[in-house]
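> Would you mind keeping the following structure in view while I ask a few things?
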Amino acid sequence: MPRQGRSFRFSIPSVLGLALMAPLLAQCDRDEPAPTPKAPEAIRPVEIETQPLGPPPALTRAELINGLAQAASLYAREQTLEVSDPLVGRTFSLRLPFGCTGPAATEQPAEGIADWRWGPDQATIRLRLTPSDWIATPLMQGAVVAEDAEPQPNQWEAVEGFWVARPWIATETCPAASLSSSISAPPSPQTVGIAAVFPRDGSRLGRRNGRAYEFTVRQHGDTPLAAPSAGYRLRLEGRIVAFPDGRASRCVSYSPDQRPTCVAAVQMDRVAFEDTTGTVLSEWRTN
């Protein structure tokens, strides 16, 4: 028997429903429009707080000793710096301990090193420092202007020396008291120093000309003076200058097995005696 075809019947309501849904289905097939791009926000510059560049801090005892140790090494190898000396123009502020083991052992004070000694009946303590006269030493060869010659740049009329005792100690305090021994041993020779220089046409303010820096500590009331357990401090402040060759220091040695003696040329601004708390006992200024 032949297969009878199927008949499809649509009701009027269903046809009307499809007609109404057609626009909605067509709308779904359309691509959604791309969103309108937003204008980029203005980039705000980052504000960085800047500090004005100032001068480097003053050299300490440890830094000065390290700089002169490098100069000694170059001298021993007969070498020189290929660049300008970084120490020239630097300020310094040094505290040098002295009198660590007690009063001076001799009546004649050592030049270039501060000491203290008792006054009569131990009622006073006398602090004293006599700068050394280095004008005729080998360290100043070529740096001193002759009296009958025209002064040249970086040549000086007077040079007063100050030793930096115990350069193997970087701190500004005395060595440990426990290192003392009953065995007598001579002190090591001085190998690190500061040369306060004075040009012929410069100010003579601050030149000692052989005079010592001195101060007397006196007892208060009836309380007797006690020996300082850790000595006193010598404060030296100023600015490093250059020798005629442009270097901040000079070294000399007479044997390859001898540590070179090196000194820095300086313009001294202040010399002071202090106690171990930093209290200024007496000071001398040149400006």
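Letters for chains follow the order of the structure tokens (A, B, ...), residue numbers begin at 1 for each chain, and ligand numbers begin at 1 in the order shown.
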Which residues come within 9 Å of stretch 230-236 of chain A, counting only C-alpha atoms, excluding same-chain residues fewer than 6 positions away, as number ranges by chain?

A: 92-103, 114-116, 127, 172-175, 177, 268-276, 278, 283

> How many Å lie between atom CA of A:Ile125 and atom CA of A:His220, rounded to one decimal?

12.4 Å

> So how many Å separate atom CA of A:Ile240 and atom CA of A:Leu87, to one decimal?

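We find that atom CA of A:Ile240 and atom CA of A:Leu87 lie 6.7 Å from each other.
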
> Please report the interatomic distance between atom CA of A:Pro86 and atom CA of A:Gln70 in Å with one decimal.

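Separating atom CA of A:Pro86 from atom CA of A:Gln70 is a distance of 11.9 Å.
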
> Mind dumping a table of every stretch 179-267 of chain A residue within 12 Å of stretch 128-148 of chain A, with the nearest atom pair and its distance in Å to one decimal, using only C-alpha atoms, sorted by chain and rising number, as JSON lines?


```
{"residue": "A:Thr191", "atom": "CA", "partner": "A:Leu139", "partner_atom": "CA", "distance": 11.8}
{"residue": "A:Val192", "atom": "CA", "partner": "A:Leu139", "partner_atom": "CA", "distance": 11.9}
{"residue": "A:Gly193", "atom": "CA", "partner": "A:Ser132", "partner_atom": "CA", "distance": 10.4}
{"residue": "A:Ile194", "atom": "CA", "partner": "A:Pro131", "partner_atom": "CA", "distance": 10.1}
{"residue": "A:Ala195", "atom": "CA", "partner": "A:Trp134", "partner_atom": "CA", "distance": 7.7}
{"residue": "A:Ala196", "atom": "CA", "partner": "A:Pro131", "partner_atom": "CA", "distance": 9.2}
{"residue": "A:Val197", "atom": "CA", "partner": "A:Ile135", "partner_atom": "CA", "distance": 9.1}
{"residue": "A:Phe198", "atom": "CA", "partner": "A:Val144", "partner_atom": "CA", "distance": 9.7}
{"residue": "A:Pro199", "atom": "CA", "partner": "A:Val145", "partner_atom": "CA", "distance": 8.5}
{"residue": "A:Arg200", "atom": "CA", "partner": "A:Val145", "partner_atom": "CA", "distance": 8.0}
{"residue": "A:Asp201", "atom": "CA", "partner": "A:Val145", "partner_atom": "CA", "distance": 11.1}
{"residue": "A:Gly206", "atom": "CA", "partner": "A:Pro131", "partner_atom": "CA", "distance": 11.6}
{"residue": "A:Arg207", "atom": "CA", "partner": "A:Pro131", "partner_atom": "CA", "distance": 9.8}
{"residue": "A:Arg208", "atom": "CA", "partner": "A:Pro131", "partner_atom": "CA", "distance": 7.7}
{"residue": "A:Asn209", "atom": "CA", "partner": "A:Asp133", "partner_atom": "CA", "distance": 8.4}
{"residue": "A:Gly210", "atom": "CA", "partner": "A:Thr130", "partner_atom": "CA", "distance": 6.8}
{"residue": "A:Arg211", "atom": "CA", "partner": "A:Thr130", "partner_atom": "CA", "distance": 6.4}
{"residue": "A:Ala212", "atom": "CA", "partner": "A:Thr130", "partner_atom": "CA", "distance": 4.2}
{"residue": "A:Tyr213", "atom": "CA", "partner": "A:Leu129", "partner_atom": "CA", "distance": 5.1}
{"residue": "A:Glu214", "atom": "CA", "partner": "A:Arg128", "partner_atom": "CA", "distance": 4.5}
{"residue": "A:Phe215", "atom": "CA", "partner": "A:Arg128", "partner_atom": "CA", "distance": 6.7}
{"residue": "A:Thr216", "atom": "CA", "partner": "A:Arg128", "partner_atom": "CA", "distance": 8.8}
{"residue": "A:Val217", "atom": "CA", "partner": "A:Arg128", "partner_atom": "CA", "distance": 11.2}
{"residue": "A:Tyr232", "atom": "CA", "partner": "A:Arg128", "partner_atom": "CA", "distance": 11.0}
{"residue": "A:Arg233", "atom": "CA", "partner": "A:Leu129", "partner_atom": "CA", "distance": 11.4}
{"residue": "A:Leu234", "atom": "CA", "partner": "A:Leu129", "partner_atom": "CA", "distance": 9.0}
{"residue": "A:Arg235", "atom": "CA", "partner": "A:Leu129", "partner_atom": "CA", "distance": 11.6}
{"residue": "A:Leu236", "atom": "CA", "partner": "A:Leu129", "partner_atom": "CA", "distance": 12.0}
{"residue": "A:Ala242", "atom": "CA", "partner": "A:Ala143", "partner_atom": "CA", "distance": 9.9}
{"residue": "A:Phe243", "atom": "CA", "partner": "A:Ala143", "partner_atom": "CA", "distance": 6.5}
{"residue": "A:Pro244", "atom": "CA", "partner": "A:Ala143", "partner_atom": "CA", "distance": 6.1}
{"residue": "A:Asp245", "atom": "CA", "partner": "A:Ala143", "partner_atom": "CA", "distance": 9.0}
{"residue": "A:Gly246", "atom": "CA", "partner": "A:Ala143", "partner_atom": "CA", "distance": 11.0}
{"residue": "A:Arg247", "atom": "CA", "partner": "A:Ala143", "partner_atom": "CA", "distance": 11.5}
{"residue": "A:Ser249", "atom": "CA", "partner": "A:Leu139", "partner_atom": "CA", "distance": 9.2}
{"residue": "A:Arg250", "atom": "CA", "partner": "A:Leu139", "partner_atom": "CA", "distance": 6.1}
{"residue": "A:Cys251", "atom": "CA", "partner": "A:Leu139", "partner_atom": "CA", "distance": 6.5}
{"residue": "A:Val252", "atom": "CA", "partner": "A:Leu139", "partner_atom": "CA", "distance": 6.4}
{"residue": "A:Ser253", "atom": "CA", "partner": "A:Pro138", "partner_atom": "CA", "distance": 9.8}
{"residue": "A:Tyr254", "atom": "CA", "partner": "A:Pro138", "partner_atom": "CA", "distance": 11.0}
{"residue": "A:Pro260", "atom": "CA", "partner": "A:Leu139", "partner_atom": "CA", "distance": 10.9}
{"residue": "A:Thr261", "atom": "CA", "partner": "A:Leu139", "partner_atom": "CA", "distance": 8.7}
{"residue": "A:Cys262", "atom": "CA", "partner": "A:Leu139", "partner_atom": "CA", "distance": 8.1}
{"residue": "A:Val263", "atom": "CA", "partner": "A:Leu139", "partner_atom": "CA", "distance": 7.9}
{"residue": "A:Ala264", "atom": "CA", "partner": "A:Leu139", "partner_atom": "CA", "distance": 10.1}
{"residue": "A:Ala265", "atom": "CA", "partner": "A:Met140", "partner_atom": "CA", "distance": 9.8}
```

> Using DSSP assignments from the backbone, pull out every residue in stretch 83-201 of chain A that falls under strand (DSSP E or B) and give it to me as a ChimeraX atom specification.

/A:91-98,115-118,124-129,132-133,144,156,158-163,192-198

> If you keep C-alpha atoms, can you produce a file of those selected residues as an mmCIF file, in the first residue's frame?


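Saved to result.cif:
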```cif
data_model
loop_
_atom_site.group_PDB
_atom_site.id
_atom_site.type_symbol
_atom_site.label_atom_id
_atom_site.label_comp_id
_atom_site.auth_asym_id
_atom_site.auth_seq_id
_atom_site.Cartn_x
_atom_site.Cartn_y
_atom_site.Cartn_z
ATOM 1 C CA THR A 91 87.195 68.309 55.895
ATOM 2 C CA PHE A 92 88.164 66.213 58.916
ATOM 3 C CA SER A 93 87.220 65.936 62.570
ATOM 4 C CA LEU A 94 89.459 63.706 64.663
ATOM 5 C CA ARG A 95 89.381 62.749 68.331
ATOM 6 C CA LEU A 96 92.775 61.448 69.403
ATOM 7 C CA PRO A 97 92.982 59.789 72.834
ATOM 8 C CA PHE A 98 96.039 60.569 74.955
ATOM 9 C CA ASP A 115 99.994 64.307 77.375
ATOM 10 C CA TRP A 116 98.936 65.118 80.896
ATOM 11 C CA ARG A 117 100.843 65.365 84.175
ATOM 12 C CA TRP A 118 100.124 66.156 87.785
ATOM 13 C CA THR A 124 95.757 70.079 89.362
ATOM 14 C CA ILE A 125 96.219 68.206 86.092
ATOM 15 C CA ARG A 126 98.060 69.945 83.281
ATOM 16 C CA LEU A 127 97.207 69.080 79.675
ATOM 17 C CA ARG A 128 99.835 69.988 77.110
ATOM 18 C CA LEU A 129 100.536 69.649 73.385
ATOM 19 C CA SER A 132 106.444 69.637 66.043
ATOM 20 C CA ASP A 133 108.344 71.886 63.652
ATOM 21 C CA VAL A 144 108.739 74.900 51.600
ATOM 22 C CA TRP A 156 104.607 77.009 52.749
ATOM 23 C CA ALA A 158 105.768 77.071 58.313
ATOM 24 C CA VAL A 159 104.638 73.493 59.011
ATOM 25 C CA GLU A 160 103.464 72.347 62.460
ATOM 26 C CA GLY A 161 103.075 68.620 63.004
ATOM 27 C CA PHE A 162 100.633 66.492 65.007
ATOM 28 C CA TRP A 163 101.054 62.713 65.333
ATOM 29 C CA VAL A 192 100.916 58.743 60.736
ATOM 30 C CA GLY A 193 100.650 62.490 61.117
ATOM 31 C CA ILE A 194 98.929 65.733 60.205
ATOM 32 C CA ALA A 195 100.943 68.691 58.926
ATOM 33 C CA ALA A 196 99.295 72.053 59.581
ATOM 34 C CA VAL A 197 100.704 74.271 56.817
ATOM 35 C CA PHE A 198 100.998 78.063 56.613
#
```

> Which residues are near A:Leu205? Cut-off 9 Å, only C-alpha atoms, ignore same chain within fewer than 4 positions. Put them as a list in words.

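Listing them by chain and then by number gives Arg285, Thr286 and Asn287 of chain A.
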